[in-house]
Amino acid sequence: MTHTQLVVLGTALLGLAAGVVGVLAMLRRQALLGDVLAHATLPGLALAFLLVGSKQIEALLAGAVLSCMAAAVTVWALDRWTRLKADVRLGLVLSVFFGAGMAVLGRVQDVPGGGQAGLEAYLFGKPSAMLQRDLVWLSTLASVCLLVVTLCYKEFQVVAFDAAFARAQGWPVRFLDGLLLALIILVVVVGLPVVGVVMVSAMLILPAATARFWTNRLPVLLLLSAWMGAAMGVAGTLISAQALELPAGPTIILSGSALFVLSMLLGTKRGLLTRRNKASR
Amino acid sequence: MTGKSAWSSVLDVHDATVAYDRQPVLWDVDWTLSEPALVAIVGPNGAGKSTLLKAILGLVPLVTGEVRIFGEPIAEARHRVAYVPQRESVDWDFPATVLDVVLMGTYGRLGWFRRPGRTERQLALRCLEELGLQGLEHRQIGELSGGQQQRLFLARALAQQADMYLMDEPLAGVDAATERVVWNLLQQLRRQNRTIVVVHHDLRTVPEWFEQVVLLNTRIIASGPTQQVFTPENLQRTYGGRLVILEEAGRLLPGQRQP
């Protein structure tokens, strides 16, 4: 396998997993949570870098996961003990964690040999640095996401559509929400080295929102979103490989945005043109 | 109570108090239903009618008190209870077909991981037919009218094949056709000896439709057979000084109709 093939496959797998998980997050009204969690990885990443000294990927990812979980607990605690509305809670946690991360990042620059060298890849993404080992991670991630969503399809569906009904029927809604949260954290953390802190949340939202224009059926939506995620990963990586000055994170997101705009106009179920035609008929 | 044990009743709400942000919404609600019946819960806005259903289902925590359904705690009796939430409580833009939603009624019986199969689909189609929604099974739910959406929720509850149905405003803002279909369904369930508890807003139809009534305004004002309980005095105590409603209700009470 050439290195380009490896990178393309890796970003496709990430897009696939993010596409599937993103649909569930969107339908459960948790689309913004991915953004919050992505930004919240920064203090964990930077602290792990300070402690370990060199860029050991396992330590960095562990830091990111812990940091994510702390943010999720904070969002939950603010809900439990204050009357702040959801958007306020999310905005607050995102900026506080990201701010803390940036502060620690400032320290990293002062450490001899730190120089942000390794961390920059996590901020903006650097798929070209992908190794065989990362590909193993990404295929594991994609398999876990597909497996969990396939197994718990009907459970996630009923909770997303009507949580009160699901609880009345005896489904453990909190546990299922926790499972979804775990999937989101997994996508975010594994996606960090590929597209970076700022853009990994777009991998969750863009494919799901794009696919929604083409279908009203949940199984189709999940499949389509997975393909859209993979497609934007592949397109972005190839574009970035052609034009070396463009980092891959942004080109992946821009490819996704192009797909989104096209779908918003042309989507057969909810695209603007379809709806206009329907209305004028 | 007659000599029967309290736990042998269909539904027993004992000293239940529910509070949101320390504000009591239900206060010391004591209500026993010893036999299956068709029951209306009525009361002014904010009286805690929906909350009472949710408290019975264990969806809101009780500050004090206890609920028993068929003598068991709700966790043990869930499979015997069907819930019809308010239509506005969900997003009808959700990517699902009519059949998808009815099938959700069978999920409780299926348990983890198992998908609905042919048996469940046949049951779902029968339930749709009961509510006059046949032929719409592949429609996107957002394309249904309000009345059809309400009937879809009832079809989903029917697919739960329960012994007790708790319905939150199933007749709010529906068309005449839906009202007729729902009314037929309630009667049919009642003939099968099920218990149906309906949060109801239309006082005019209470005496004609419901055997039992619960008058609720944070506390239970009165409960029991409609003929005994649905009196102008009790309504006055439930609705306070809202005379317009009272006059209207009074005018429509049995035996008090104006010429």
# chains A, B, ... in the order shown; residues from 1 in each chain; ligands from 1
>>> interface_residues(of="chain B", to="chain A", cutoff="10 Å", atoms="only C-alpha atoms", output="PyMOL selection string")
chain B and resi 21+54+56-59+74-85+89-97+100-101+103-109+111-116+138-142+157+160
>>> residues_around(residues="Glu169 of chain B", least_positions_apart="2", cutoff="10 Å", atoms="only C-alpha atoms", output="PyMOL selection string")
chain B and resi 41+49-50+84-87+150+166-167+171-173+198-202
>>> closest_residue(among="A:Leu183, A:Leu42, A:Leu262, A:Ala70", to="Ala142 of chain A", atoms="only C-alpha atoms")
A:Leu183
>>> residues_around(residues="Ala226 of chain A", least_positions_apart="2", cutoff="12 Å", atoms="only C-alpha atoms", output="ChimeraX atom specification")
/A:12-24,142,145-146,149,203-212,219-224,228-233
>>> select_by_dssp(residues="segment 30-126 of chain B", states="strand (DSSP E)", output="ChimeraX atom specification")
/B:30-33,38-42,64-69,81-84
>>> residues_around(residues="Gly267 of chain A", least_positions_apart="5", cutoff="8 Å", atoms="only C-alpha atoms", output="PyMOL selection string")
chain A and resi 213-214+262+272-274
>>> write_last_selection(atoms="N, CA and C atoms", output="mmCIF file, in the first residue's frame")
data_model
loop_
_atom_site.group_PDB
_atom_site.id
_atom_site.type_symbol
_atom_site.label_atom_id
_atom_site.label_comp_id
_atom_site.auth_asym_id
_atom_site.auth_seq_id
_atom_site.Cartn_x
_atom_site.Cartn_y
_atom_site.Cartn_z
ATOM 1 N N PHE A 213 -30.879 15.657 3.442
ATOM 2 C CA PHE A 213 -31.591 16.255 2.306
ATOM 3 C C PHE A 213 -32.076 15.212 1.305
ATOM 4 N N TRP A 214 -31.548 13.995 1.395
ATOM 5 C CA TRP A 214 -31.838 12.994 0.366
ATOM 6 C C TRP A 214 -32.813 11.914 0.807
ATOM 7 N N LEU A 262 -24.477 21.451 -2.307
ATOM 8 C CA LEU A 262 -25.119 20.770 -3.433
ATOM 9 C C LEU A 262 -26.392 20.062 -2.985
ATOM 10 N N LEU A 272 -33.785 22.469 -1.423
ATOM 11 C CA LEU A 272 -34.571 23.685 -1.632
ATOM 12 C C LEU A 272 -35.331 23.632 -2.946
ATOM 13 N N LEU A 273 -34.683 23.127 -4.012
ATOM 14 C CA LEU A 273 -35.352 23.099 -5.323
ATOM 15 C C LEU A 273 -36.522 22.129 -5.317
ATOM 16 N N THR A 274 -36.329 20.956 -4.698
ATOM 17 C CA THR A 274 -37.421 19.984 -4.624
ATOM 18 C C THR A 274 -38.607 20.579 -3.899
#
